[in-house]
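A.B. asks: So here's query14.json, just JSON, C-alpha atoms and all ligand atoms:
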```
[["chain", "number", "residue", "atom", "x", "y", "z"],
["A", 256, "MET", "CA", -206.04, -118.66, 159.62],
["A", 257, "GLU", "CA", -204.95, -121.27, 157.09],
["A", 258, "THR", "CA", -201.18, -121.79, 157.49],
["A", 259, "ILE", "CA", -199.21, -122.32, 154.29],
["A", 260, "ILE", "CA", -196.41, -124.89, 154.56],
["A", 261, "MET", "CA", -193.47, -123.58, 152.54],
["A", 262, "ASP", "CA", -192.11, -126.47, 150.48],
["A", 263, "GLY", "CA", -188.33, -126.05, 150.58],
["A", 264, "LYS", "CA", -187.83, -129.54, 149.23],
["A", 265, "GLY", "CA", -190.06, -128.82, 146.23],
["A", 266, "LEU", "CA", -188.33, -125.52, 145.52],
["A", 267, "ALA", "CA", -184.95, -127.26, 145.81],
["A", 268, "LYS", "CA", -186.05, -129.84, 143.26],
["A", 269, "LYS", "CA", -187.35, -127.16, 140.88],
["A", 270, "MET", "CA", -184.10, -125.19, 141.13],
["A", 271, "GLN", "CA", -181.95, -128.29, 140.75],
["A", 272, "ASP", "CA", -183.82, -129.25, 137.58],
["A", 273, "GLN", "CA", -182.88, -125.86, 136.11],
["A", 274, "MET", "CA", -179.34, -126.13, 137.43],
["A", 275, "LYS", "CA", -178.91, -129.46, 135.62],
["A", 276, "GLU", "CA", -179.10, -127.58, 132.34],
["A", 277, "GLN", "CA", -176.42, -125.14, 133.48],
["A", 278, "VAL", "CA", -174.20, -128.11, 134.40],
["A", 279, "ALA", "CA", -174.80, -129.72, 130.99],
["A", 280, "ALA", "CA", -173.91, -126.48, 129.20],
["A", 281, "LEU", "CA", -170.70, -126.12, 131.22],
["A", 282, "THR", "CA", -169.83, -129.77, 130.60],
["A", 283, "ALA", "CA", -170.21, -129.19, 126.85],
["A", 284, "GLU", "CA", -167.51, -126.51, 127.21],
["A", 285, "GLY", "CA", -165.30, -128.93, 129.16],
["A", 286, "LYS", "CA", -165.93, -127.14, 132.45],
["A", 287, "THR", "CA", -167.95, -129.64, 134.52],
["A", 288, "PRO", "CA", -168.48, -127.97, 137.92],
["A", 289, "GLY", "CA", -166.52, -129.81, 140.62],
["A", 290, "LEU", "CA", -167.27, -129.80, 144.35],
["A", 291, "CYS", "CA", -164.86, -131.19, 146.92],
["A", 292, "VAL", "CA", -166.17, -131.93, 150.41],
["A", 293, "ILE", "CA", -163.60, -132.61, 153.09],
["A", 294, "LEU", "CA", -164.96, -134.62, 156.01],
["A", 295, "VAL", "CA", -162.87, -135.15, 159.14],
["A", 296, "GLY", "CA", -163.91, -137.90, 161.52],
["A", 297, "GLU", "CA", -166.91, -140.19, 161.74],
["A", 298, "ASP", "CA", -169.70, -138.01, 163.14],
["A", 299, "LYS", "CA", -172.98, -139.74, 162.16],
["A", 300, "ALA", "CA", -174.95, -136.61, 161.27],
["A", 301, "SER", "CA", -172.05, -135.19, 159.24],
["A", 302, "GLN", "CA", -171.78, -138.42, 157.26],
["A", 303, "VAL", "CA", -175.47, -138.23, 156.37],
["A", 304, "TYR", "CA", -175.19, -134.59, 155.21],
["A", 305, "VAL", "CA", -172.06, -135.31, 153.20],
["A", 306, "ARG", "CA", -173.66, -138.31, 151.51],
["A", 307, "ASN", "CA", -176.67, -136.14, 150.59],
["A", 308, "LYS", "CA", -174.41, -133.48, 149.06],
["A", 309, "GLU", "CA", -172.54, -136.19, 147.13],
["A", 310, "LYS", "CA", -175.73, -137.83, 145.82],
["A", 311, "GLN", "CA", -177.32, -134.56, 144.75],
["A", 312, "SER", "CA", -174.23, -133.14, 143.06],
["A", 313, "GLU", "CA", -173.82, -136.40, 141.13],
["A", 314, "ALA", "CA", -177.50, -136.41, 140.14],
["A", 315, "MET", "CA", -176.92, -132.98, 138.63],
["A", 316, "GLY", "CA", -173.99, -134.22, 136.57],
["A", 317, "MET", "CA", -171.42, -132.42, 138.66],
["A", 318, "ASN", "CA", -168.02, -133.71, 139.51],
["A", 319, "SER", "CA", -168.22, -134.78, 143.15],
["A", 320, "ARG", "CA", -165.27, -135.60, 145.38],
["A", 321, "VAL", "CA", -165.40, -136.51, 149.05],
["A", 322, "VAL", "CA", -162.14, -136.63, 150.98],
["A", 323, "ARG", "CA", -162.58, -138.61, 154.19],
["A", 324, "LEU", "CA", -159.92, -138.05, 156.83],
["A", 325, "ALA", "CA", -159.34, -139.63, 160.25],
["A", 326, "ALA", "CA", -160.56, -137.76, 163.34],
["A", 327, "ASP", "CA", -157.01, -137.59, 164.70],
["A", 328, "ILE", "CA", -155.47, -136.00, 161.61],
["A", 329, "SER", "CA", -153.07, -133.18, 162.50],
["A", 330, "GLU", "CA", -153.93, -129.60, 161.66],
["A", 331, "THR", "CA", -150.84, -129.45, 159.44],
["A", 332, "ASP", "CA", -151.95, -132.47, 157.41],
["A", 333, "LEU", "CA", -155.47, -131.09, 157.04],
["A", 334, "LEU", "CA", -154.09, -127.75, 155.83],
["A", 335, "ALA", "CA", -151.95, -129.65, 153.30],
["A", 336, "GLU", "CA", -155.05, -131.48, 152.03],
["A", 337, "VAL", "CA", -156.91, -128.18, 151.63],
["A", 338, "GLU", "CA", -153.97, -126.77, 149.70],
["A", 339, "LYS", "CA", -153.95, -129.82, 147.42],
["A", 340, "GLN", "CA", -157.59, -129.15, 146.53],
["A", 341, "ASN", "CA", -156.82, -125.44, 146.09],
["A", 342, "GLN", "CA", -154.34, -126.43, 143.39],
["A", 343, "ASP", "CA", -156.71, -128.80, 141.58],
["A", 344, "ASP", "CA", -158.37, -126.90, 138.72],
["A", 345, "SER", "CA", -161.14, -129.51, 138.35],
["A", 346, "MET", "CA", -162.49, -128.56, 141.78],
["A", 347, "HIS", "CA", -164.35, -125.23, 141.62],
["A", 348, "GLY", "CA", -165.75, -125.40, 145.13],
["A", 349, "ILE", "CA", -164.26, -126.66, 148.40],
["A", 350, "LEU", "CA", -166.25, -127.26, 151.57],
["A", 351, "VAL", "CA", -164.75, -128.40, 154.85],
["A", 352, "GLN", "CA", -167.58, -129.96, 156.84],
["A", 353, "LEU", "CA", -168.03, -128.33, 160.24],
["A", 354, "PRO", "CA", -167.66, -128.86, 163.13],
["A", 355, "LEU", "CA", -164.01, -129.97, 163.11],
["A", 356, "PRO", "CA", -162.40, -131.94, 165.96],
["A", 357, "LYS", "CA", -161.40, -129.82, 168.98],
["A", 358, "HIS", "CA", -157.63, -129.99, 168.34],
["A", 359, "ILE", "CA", -158.01, -128.19, 165.00],
["A", 360, "ASP", "CA", -158.38, -124.41, 164.65],
["A", 361, "GLU", "CA", -161.51, -124.10, 162.53],
["A", 362, "GLN", "CA", -160.92, -120.48, 161.50],
["A", 363, "LYS", "CA", -157.40, -121.33, 160.39],
["A", 364, "VAL", "CA", -158.71, -124.09, 158.13],
["A", 365, "LEU", "CA", -161.47, -121.89, 156.65],
["A", 366, "ARG", "CA", -158.85, -119.20, 155.92],
["A", 367, "ALA", "CA", -156.70, -121.78, 154.12],
["A", 368, "ILE", "CA", -159.37, -122.42, 151.45],
["A", 369, "ARG", "CA", -158.75, -120.18, 148.43],
["A", 370, "TYR", "CA", -161.56, -117.68, 148.88],
["A", 371, "GLU", "CA", -162.48, -118.02, 145.19],
["A", 372, "LYS", "CA", -163.28, -121.70, 145.93],
["A", 373, "ASP", "CA", -165.17, -121.03, 149.17],
["A", 374, "VAL", "CA", -168.77, -122.12, 148.40],
["A", 375, "ASP", "CA", -169.95, -121.81, 152.04],
["A", 376, "GLY", "CA", -169.21, -118.09, 152.28],
["A", 377, "PHE", "CA", -167.24, -118.72, 155.48],
["A", 378, "HIS", "CA", -163.83, -117.35, 154.38],
["A", 379, "PRO", "CA", -163.08, -113.95, 156.02],
["A", 380, "MET", "CA", -162.67, -112.38, 152.55],
["A", 381, "ASN", "CA", -166.20, -113.46, 151.61],
["A", 382, "VAL", "CA", -167.62, -112.57, 155.03],
["A", 383, "GLY", "CA", -166.07, -109.10, 154.70],
["A", 384, "ASN", "CA", -167.28, -108.55, 151.15],
["A", 385, "PHE", "CA", -170.77, -109.74, 152.10],
["A", 386, "PHE", "CA", -170.80, -107.35, 155.07],
["A", 387, "LEU", "CA", -169.74, -104.48, 152.80],
["A", 388, "GLY", "CA", -172.36, -105.30, 150.17],
["A", 389, "ASN", "CA", -169.77, -106.38, 147.60],
["A", 390, "GLU", "CA", -170.09, -109.47, 145.43],
["A", 391, "SER", "CA", -169.20, -112.58, 147.46],
["A", 392, "ALA", "CA", -170.07, -116.18, 148.15],
["A", 393, "LEU", "CA", -172.97, -116.28, 150.62],
["A", 394, "PRO", "CA", -173.68, -118.55, 153.59],
["A", 395, "CYS", "CA", -175.94, -121.23, 152.11],
["A", 396, "THR", "CA", -178.57, -121.54, 154.85],
["A", 397, "PRO", "CA", -179.67, -117.89, 155.02],
["A", 398, "TYR", "CA", -179.25, -117.60, 151.24],
["A", 399, "GLY", "CA", -181.64, -120.55, 150.80],
["A", 400, "ILE", "CA", -184.09, -118.98, 153.26],
["A", 401, "MET", "CA", -184.13, -115.76, 151.18],
["A", 402, "LYS", "CA", -184.99, -117.87, 148.11],
["A", 403, "ILE", "CA", -187.91, -119.48, 149.98],
["A", 404, "LEU", "CA", -189.21, -116.06, 151.08],
["A", 405, "GLU", "CA", -188.93, -114.84, 147.47],
["A", 406, "GLU", "CA", -190.71, -117.91, 146.09],
["A", 407, "TYR", "CA", -193.68, -117.32, 148.40],
["A", 408, "ASN", "CA", -193.74, -113.55, 147.69],
["A", 409, "ILE", "CA", -193.20, -112.64, 151.33],
["A", 410, "GLU", "CA", -193.07, -108.84, 151.77],
["A", 411, "LEU", "CA", -190.03, -107.83, 153.81],
["A", 412, "GLU", "CA", -189.91, -104.07, 153.36],
["A", 413, "GLY", "CA", -190.68, -102.31, 156.63],
["A", 414, "LYS", "CA", -191.57, -105.61, 158.33],
["A", 415, "LYS", "CA", -190.39, -106.50, 161.83],
["A", 416, "ALA", "CA", -188.06, -109.49, 161.66],
["A", 417, "LEU", "CA", -186.74, -111.33, 164.69],
["A", 418, "VAL", "CA", -183.79, -113.68, 164.23],
["A", 419, "ILE", "CA", -183.25, -115.95, 167.23],
["A", 420, "GLY", "CA", -179.62, -117.09, 167.18],
["A", 421, "ARG", "CA", -176.39, -115.20, 166.48],
["A", 422, "SER", "CA", -174.12, -117.78, 164.87],
["A", 423, "ASN", "CA", -171.67, -116.84, 162.14],
["A", 424, "ILE", "CA", -173.27, -119.31, 159.73],
["A", 425, "VAL", "CA", -176.97, -118.55, 160.25],
["A", 426, "GLY", "CA", -178.06, -115.79, 162.65],
["A", 427, "LYS", "CA", -175.59, -113.01, 161.79],
["A", 428, "PRO", "CA", -175.74, -113.35, 157.98],
["A", 429, "MET", "CA", -179.54, -113.88, 158.09],
["A", 430, "SER", "CA", -180.01, -110.54, 159.86],
["A", 431, "ILE", "CA", -177.94, -108.72, 157.25],
["A", 432, "MET", "CA", -179.81, -110.31, 154.34],
["A", 433, "LEU", "CA", -183.18, -109.34, 155.86],
["A", 434, "MET", "CA", -181.89, -105.82, 156.55],
["A", 435, "ASN", "CA", -180.74, -105.55, 152.92],
["A", 436, "GLU", "CA", -184.38, -106.18, 151.92],
["A", 437, "ASN", "CA", -185.44, -103.29, 154.19],
["A", 438, "ALA", "CA", -186.84, -105.32, 157.06],
["A", 439, "THR", "CA", -186.39, -103.90, 160.57],
["A", 440, "VAL", "CA", -184.29, -106.59, 162.18],
["A", 441, "THR", "CA", -183.80, -107.61, 165.80],
["A", 442, "ILE", "CA", -181.32, -110.31, 166.80],
["A", 443, "ALA", "CA", -182.12, -112.33, 169.91],
["A", 444, "HIS", "CA", -179.95, -114.87, 171.73],
["A", 445, "SER", "CA", -179.60, -116.83, 174.94],
["A", 446, "ARG", "CA", -179.22, -113.68, 177.08],
["A", 447, "THR", "CA", -182.15, -111.82, 175.54],
["A", 448, "LYS", "CA", -184.77, -110.74, 178.04],
["A", 449, "ASN", "CA", -188.50, -111.04, 177.34],
["A", 450, "LEU", "CA", -187.89, -113.17, 174.25],
["A", 451, "LYS", "CA", -191.49, -114.30, 174.05],
["A", 452, "GLU", "CA", -192.78, -110.71, 174.02],
["A", 453, "LEU", "CA", -190.25, -109.75, 171.31],
["A", 454, "ALA", "CA", -191.20, -112.79, 169.24],
["A", 455, "LYS", "CA", -194.90, -111.98, 169.54],
["A", 456, "GLU", "CA", -194.25, -108.67, 167.72],
["A", 457, "ALA", "CA", -192.36, -110.22, 164.80],
["A", 458, "ASP", "CA", -193.87, -110.37, 161.32],
["A", 459, "ILE", "CA", -190.98, -112.63, 160.27],
["A", 460, "LEU", "CA", -189.63, -115.05, 162.87],
["A", 461, "VAL", "CA", -186.44, -117.01, 162.17],
["A", 462, "ALA", "CA", -185.66, -119.72, 164.71],
["A", 463, "ALA", "CA", -182.00, -120.81, 164.70],
["A", 464, "ILE", "CA", -181.54, -121.76, 168.33],
["A", 465, "GLY", "CA", -180.66, -125.43, 168.24],
["A", 466, "ARG", "CA", -183.26, -126.59, 170.78],
["A", 467, "GLY", "CA", -186.08, -128.84, 169.69],
["A", 468, "HIS", "CA", -189.56, -127.25, 169.76],
["A", 469, "PHE", "CA", -188.25, -124.21, 171.68],
["A", 470, "VAL", "CA", -190.62, -121.87, 169.83],
["A", 471, "THR", "CA", -194.16, -122.70, 170.88],
["A", 472, "ALA", "CA", -197.50, -121.28, 169.74],
["A", 473, "ASP", "CA", -197.40, -118.52, 172.40],
["A", 474, "PHE", "CA", -194.28, -116.99, 170.71],
["A", 475, "ILE", "CA", -196.00, -116.48, 167.39],
["A", 476, "LYS", "CA", -197.90, -113.42, 166.22],
["A", 477, "GLU", "CA", -201.12, -114.07, 164.31],
["A", 478, "GLY", "CA", -200.18, -114.07, 160.62],
["A", 479, "ALA", "CA", -196.39, -114.23, 161.13],
["A", 480, "VAL", "CA", -194.05, -115.96, 158.67],
["A", 481, "VAL", "CA", -192.06, -118.58, 160.58],
["A", 482, "ILE", "CA", -188.74, -120.00, 159.37],
["A", 483, "ASP", "CA", -187.46, -123.06, 161.23],
["A", 484, "VAL", "CA", -183.70, -123.61, 160.89],
["A", 485, "GLY", "CA", -183.53, -126.22, 163.65],
["A", 486, "MET", "CA", -182.14, -129.73, 163.14],
["A", 487, "ASN", "CA", -182.57, -131.52, 166.43],
["A", 488, "ARG", "CA", -183.10, -135.15, 167.39],
["A", 489, "SER", "CA", -186.12, -135.89, 169.54],
["A", 490, "ALA", "CA", -185.95, -138.49, 172.31],
["A", 491, "GLU", "CA", -187.31, -141.00, 169.76],
["A", 492, "GLY", "CA", -184.49, -140.11, 167.35],
["A", 493, "LYS", "CA", -186.75, -138.17, 164.99],
["A", 494, "LEU", "CA", -185.48, -135.04, 163.22],
["A", 495, "ILE", "CA", -187.33, -132.06, 164.72],
["A", 496, "GLY", "CA", -187.06, -128.31, 164.29],
["A", 497, "ASP", "CA", -186.76, -125.43, 166.75],
["A", 498, "VAL", "CA", -190.46, -124.70, 166.25],
["A", 499, "ASP", "CA", -193.44, -126.69, 167.46],
["A", 500, "THR", "CA", -194.90, -126.80, 163.97],
["A", 501, "ALA", "CA", -198.17, -128.46, 164.96],
["A", 502, "GLY", "CA", -198.78, -125.74, 167.56],
["A", 503, "ALA", "CA", -198.04, -122.99, 165.02],
["A", 504, "MET", "CA", -200.67, -124.25, 162.57],
["A", 505, "GLY", "CA", -203.58, -121.86, 162.40],
["A", 506, "ILE", "CA", -201.52, -118.99, 163.89],
["A", 507, "ALA", "CA", -198.66, -118.45, 161.42],
["A", 508, "SER", "CA", -199.49, -117.43, 157.84],
["A", 509, "HIS", "CA", -196.52, -119.44, 156.51],
["A", 510, "ILE", "CA", -194.07, -121.91, 158.03],
["A", 511, "THR", "CA", -191.15, -124.05, 156.86],
["A", 512, "PRO", "CA", -191.35, -127.72, 157.89],
["A", 513, "VAL", "CA", -188.51, -129.87, 159.29],
["A", 514, "PRO", "CA", -187.52, -131.91, 157.40],
["A", 515, "GLY", "CA", -188.31, -130.60, 153.91],
["A", 516, "GLY", "CA", -187.88, -126.87, 154.51],
["A", 517, "VAL", "CA", -184.59, -125.04, 154.97],
["A", 518, "GLY", "CA", -182.24, -128.07, 154.80],
["A", 519, "PRO", "CA", -182.76, -129.01, 151.13],
["A", 520, "MET", "CA", -182.34, -125.35, 150.15],
["A", 521, "THR", "CA", -179.00, -125.16, 151.99],
["A", 522, "ILE", "CA", -177.62, -127.92, 149.78],
["A", 523, "THR", "CA", -179.16, -126.37, 146.66],
["A", 524, "MET", "CA", -177.45, -123.01, 147.28],
["A", 525, "LEU", "CA", -174.17, -124.81, 147.84],
["A", 526, "LEU", "CA", -174.49, -126.51, 144.45],
["A", 527, "GLN", "CA", -175.62, -123.27, 142.78],
["A", 528, "GLN", "CA", -172.58, -121.42, 144.11],
["A", 529, "THR", "CA", -170.31, -124.22, 142.88],
["A", 530, "ILE", "CA", -171.83, -123.91, 139.40],
["A", 531, "ASP", "CA", -171.38, -120.12, 139.54],
["A", 532, "LYS", "CA", -167.69, -120.60, 140.33],
["A", 533, "ALA", "CA", -167.26, -122.90, 137.31],
["A", 534, "LYS", "CA", -168.77, -120.29, 134.96],
["B", 601, "LIG", "N1", -168.99, -126.33, 155.95],
["B", 601, "LIG", "C1", -170.24, -126.68, 156.21],
["B", 601, "LIG", "N2", -171.25, -126.24, 155.43],
["B", 601, "LIG", "C2", -172.55, -126.59, 155.69],
["B", 601, "LIG", "O1", -173.47, -126.16, 154.96],
["B", 601, "LIG", "C3", -172.82, -127.47, 156.79],
["B", 601, "LIG", "C4", -171.73, -127.90, 157.57],
["B", 601, "LIG", "N3", -170.47, -127.49, 157.28],
["B", 601, "LIG", "N4", -171.93, -128.71, 158.64],
["B", 601, "LIG", "C5", -173.25, -129.23, 158.97],
["B", 601, "LIG", "C6", -174.35, -128.30, 158.52],
["B", 601, "LIG", "C7", -175.71, -128.94, 158.42],
["B", 601, "LIG", "N5", -176.10, -128.85, 157.03],
["B", 601, "LIG", "C8", -177.27, -129.41, 156.50],
["B", 601, "LIG", "C9", -177.61, -129.29, 155.19],
["B", 601, "LIG", "C10", -178.75, -129.89, 154.69],
["B", 601, "LIG", "C11", -179.58, -130.64, 155.49],
["B", 601, "LIG", "C12", -180.78, -131.31, 154.92],
["B", 601, "LIG", "O2", -180.92, -131.45, 153.72],
["B", 601, "LIG", "N6", -181.73, -131.77, 155.74],
["B", 601, "LIG", "C13", -182.93, -132.47, 155.30],
["B", 601, "LIG", "C14", -183.17, -133.77, 156.03],
["B", 601, "LIG", "C15", -181.98, -134.57, 156.41],
["B", 601, "LIG", "C16", -182.33, -135.76, 157.29],
["B", 601, "LIG", "O3", -183.40, -136.36, 157.08],
["B", 601, "LIG", "O4", -181.53, -136.07, 158.18],
["B", 601, "LIG", "C17", -184.17, -131.63, 155.53],
["B", 601, "LIG", "O5", -184.12, -130.72, 156.36],
["B", 601, "LIG", "O6", -185.18, -131.90, 154.90],
["B", 601, "LIG", "C18", -179.25, -130.74, 156.81],
["B", 601, "LIG", "C19", -178.12, -130.13, 157.32],
["B", 601, "LIG", "C20", -175.11, -128.24, 156.33],
["B", 601, "LIG", "N7", -174.09, -127.89, 157.12],
["B", 602, "MG", "MG", -174.97, -124.05, 156.48]]
```
As structure tokens, please, write out the structure in this file.

C.D. replies:
Amino acid sequence: METIIMDGKGLAKKMQDQMKEQVAALTAEGKTPGLCVILVGEDKASQVYVRNKEKQSEAMGMNSRVVRLAADISETDLLAEVEKQNQDDSMHGILVQLPLPKHIDEQKVLRAIRYEKDVDGFHPMNVGNFFLGNESALPCTPYGIMKILEEYNIELEGKKALVIGRSNIVGKPMSIMLMNENATVTIAHSRTKNLKELAKEADILVAAIGRGHFVTADFIKEGAVVIDVGMNRSAEGKLIGDVDTAGAMGIASHITPVPGGVGPMTITMLLQQTIDKAK
């Protein structure tokens, strides 16, 4: 079987080109969409992501603000900074880059963002509304994955989907989005027994484990659609996914590459939700 590589980077570019026009129209009305990213500490990977978000939002003509704070900032001072951005009408979206240093209560900080400005979909009000099927901000990674599946006309109705990983930001919301499209969803995790056998039955396989090349060819059903959410560093320092992509070639019908798959769509959905807030 010829495996189709799903071009998340290309789709991100196509969407961002259209979004540019939305930004221009809003700017003409004096409502340039503004995104504020709050970054605590000097984590290397986080700095790269934040710089990418900054570059791309600027390229779209958005108003981009990055607030860089020291790793030892107190929780009180961080909450005050969030509140300052809550009060600033030029900032339509606020994102606090995760993970936060250990001495800070992450959930407390996410709750402090005005939920109307939460463009990650991590505020409990948005999580609850999403769960209930009400209008809400959506977690950007699974939202971007749904856009990729739509772009490639992947049938979900009645299909067996296996999501490996149960995080609040990927696994849990991913399962609900797939269920909403009438897939039959199974969630697997580190304590799941017979994972390989379960995976082998999946028509749609989403790997969000956080272990490089964990999903090998023997996990994949002939003709399955494979989504790789992994962002791992190999021993040589290369960015690698949770799936052994080379091994999956010829078995999967479709696969997302790393890099160039899910990652660029995560940022795109973040920018789209910021634009939506400005409207
Ligand atoms: N509040 C919050 N919201 C987030 O959305 C959030 C976060 N915290 N913390 C960290 C993770 C990670 N994340 C990525 C987004 C895009 C790429 C991305 O564009 N990756 C490129 C390559 C990047 C590279 O080459 O290093 C790709 O896959 O092609 C990666 C990682 C968002 N996150
Ligand atoms: Mg994310």

A.B. asks: Give me, as CSV, each residue of chain A that comes within 7 Å of ligand MG 602 (chain B), together with its shortest interatomic pair and the distance in Å at one decimal, counting only C-alpha atoms and all ligand atoms, with rows ordered by chain and rising residue number.

C.D. replies:
```
residue,atom,partner,partner_atom,distance
A:Pro394,CA,B:MG602,MG,6.3
A:Cys395,CA,B:MG602,MG,5.3
A:Thr396,CA,B:MG602,MG,4.7
A:Ile424,CA,B:MG602,MG,6.0
A:Val425,CA,B:MG602,MG,7.0
A:Thr521,CA,B:MG602,MG,6.1
```

A.B. asks: Rank A:Arg488, A:Lys415, A:Lys402, A:Arg466 by their smallest atom-to-atom distance to ligand LIG 601 (chain B), using all atoms listed in the file, and report the top residue only.

C.D. replies: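 Closest residue, counting all atoms listed in the file: A:Arg488.
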
A.B. asks: Select the residues contacting ligand LIG 601 (chain B) at a distance of at most 6 Å, based on all atoms listed in the file, then format the selection as a PDB file with C-alpha atoms, in the coordinates of the input.

C.D. replies:
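Written file, part.pdb:
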```pdb
ATOM      1  CA  TYR A 304    -175.190-134.590 155.210  1.00  0.00           C
ATOM      2  CA  LEU A 350    -166.250-127.260 151.570  1.00  0.00           C
ATOM      3  CA  VAL A 351    -164.750-128.400 154.850  1.00  0.00           C
ATOM      4  CA  GLN A 352    -167.580-129.960 156.840  1.00  0.00           C
ATOM      5  CA  LEU A 353    -168.030-128.330 160.240  1.00  0.00           C
ATOM      6  CA  ASP A 375    -169.950-121.810 152.040  1.00  0.00           C
ATOM      7  CA  VAL A 513    -188.510-129.870 159.290  1.00  0.00           C
ATOM      8  CA  PRO A 514    -187.520-131.910 157.400  1.00  0.00           C
ATOM      9  CA  GLY A 515    -188.310-130.600 153.910  1.00  0.00           C
ATOM     10  CA  GLY A 516    -187.880-126.870 154.510  1.00  0.00           C
ATOM     11  CA  VAL A 517    -184.590-125.040 154.970  1.00  0.00           C
ATOM     12  CA  GLY A 518    -182.240-128.070 154.800  1.00  0.00           C
ATOM     13  CA  PRO A 519    -182.760-129.010 151.130  1.00  0.00           C
ATOM     14  CA  THR A 521    -179.000-125.160 151.990  1.00  0.00           C
ATOM     15  CA  ILE A 522    -177.620-127.920 149.780  1.00  0.00           C
TER      16      ILE A 522
END
```

A.B. asks: Env of Gly289 in chain A: 7 Å cut, atoms = only C-alpha atoms, seq-sep filter 6 positions within chain, self excluded. Answer as a PyMOL selection string.

C.D. replies: chain A and resi 317-319+345-348

A.B. asks: Tell me which of A:Lys534, A:Arg421, A:Arg446, A:His358 sits closest to Ala326 in chain A, counting only C-alpha atoms.

C.D. replies: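 Using only C-alpha atoms, the shortest distance to Ala326 in chain A belongs to A:His358.
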
A.B. asks: I'd like the contact shell of Ser391 in chain A - 6 Å cut-off, all atoms listed in the file, skipping same-chain residues fewer than 2 positions apart - returned as a PDB file with C-alpha atoms, keeping the file's coordinate frame.

C.D. replies:
```pdb
ATOM      1  CA  ASN A 381    -166.200-113.460 151.610  1.00  0.00           C
ATOM      2  CA  ASN A 384    -167.280-108.550 151.150  1.00  0.00           C
ATOM      3  CA  PHE A 385    -170.770-109.740 152.100  1.00  0.00           C
TER       4      PHE A 385
END
```

A.B. asks: Rounded to one decimal in Å, what is the spacing between CA of Thr471 in chain A and CA of Gly505 in chain A?

C.D. replies: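 Straight-line distance from CA of Thr471 in chain A to CA of Gly505 in chain A works out to 12.7 Å.
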
A.B. asks: Using CA of Ile328 in chain A and CA of Ala300 in chain A as the two end points, give the distance in Å to one decimal.

C.D. replies: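 CA of Ala300 in chain A lies 19.5 Å from CA of Ile328 in chain A.
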
A.B. asks: Could you check how far CA of Ala438 in chain A sits from CA of Glu456 in chain A, in Å to one decimal?

C.D. replies: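 One can read the CA of Ala438 in chain A to CA of Glu456 in chain A distance as 13.4 Å.
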
A.B. asks: Can you list, as a PDB file with C-alpha atoms, in the frame of the given file, every protein, DNA or RNA residue that comes within 12 Å of Glu338 in chain A when you count only C-alpha atoms, leaving out same-chain residues fewer than 3 positions away?

C.D. replies:
```pdb
ATOM      1  CA  ILE A 293    -163.600-132.610 153.090  1.00  0.00           C
ATOM      2  CA  THR A 331    -150.840-129.450 159.440  1.00  0.00           C
ATOM      3  CA  ASP A 332    -151.950-132.470 157.410  1.00  0.00           C
ATOM      4  CA  LEU A 333    -155.470-131.090 157.040  1.00  0.00           C
ATOM      5  CA  LEU A 334    -154.090-127.750 155.830  1.00  0.00           C
ATOM      6  CA  ALA A 335    -151.950-129.650 153.300  1.00  0.00           C
ATOM      7  CA  ASN A 341    -156.820-125.440 146.090  1.00  0.00           C
ATOM      8  CA  GLN A 342    -154.340-126.430 143.390  1.00  0.00           C
ATOM      9  CA  ASP A 343    -156.710-128.800 141.580  1.00  0.00           C
ATOM     10  CA  ASP A 344    -158.370-126.900 138.720  1.00  0.00           C
ATOM     11  CA  MET A 346    -162.490-128.560 141.780  1.00  0.00           C
ATOM     12  CA  ILE A 349    -164.260-126.660 148.400  1.00  0.00           C
ATOM     13  CA  VAL A 364    -158.710-124.090 158.130  1.00  0.00           C
ATOM     14  CA  LEU A 365    -161.470-121.890 156.650  1.00  0.00           C
ATOM     15  CA  ARG A 366    -158.850-119.200 155.920  1.00  0.00           C
ATOM     16  CA  ALA A 367    -156.700-121.780 154.120  1.00  0.00           C
ATOM     17  CA  ILE A 368    -159.370-122.420 151.450  1.00  0.00           C
ATOM     18  CA  ARG A 369    -158.750-120.180 148.430  1.00  0.00           C
ATOM     19  CA  TYR A 370    -161.560-117.680 148.880  1.00  0.00           C
ATOM     20  CA  LYS A 372    -163.280-121.700 145.930  1.00  0.00           C
TER      21      LYS A 372
END
```

A.B. asks: Excluding same-chain residues fewer than 5 positions from Val295 in chain A, what lies within 7 Å of it counting all atoms listed in the file, as a list of chain:residue names?

C.D. replies: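 Those residues are A:Arg323, A:Leu324, A:Ala325, A:Ala326, A:Leu355.
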
A.B. asks: Using only C-alpha atoms, which protein or nucleic acid residues come within 6 Å of range 458-462 of chain A? Drop anything in the same chain fewer than 4 positions from it, and give the result as a PyMOL selection string.

C.D. replies: chain A and resi 415-419+479-484

A.B. asks: Which of these residues is nearest to Pro356 in chain A, using only C-alpha atoms: A:Leu433, A:Glu390, A:Ile403, A:Gly296?

C.D. replies: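 The closest residue to Pro356 in chain A is A:Gly296.
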
A.B. asks: Pick the closest to Met270 in chain A from A:His444, A:Gly399, A:Met434, A:Glu297: which is it, counting only C-alpha atoms?

C.D. replies: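 Checking each of A:His444, A:Gly399, A:Met434, A:Glu297 against Met270 in chain A, counting only C-alpha atoms, the winner is A:Gly399.
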
A.B. asks: Given the choices A:Met380, A:Cys291, A:Ala314, A:Ala463, which gets closest to Gln340 in chain A if the distance is worked out from only C-alpha atoms?

C.D. replies: A:Cys291
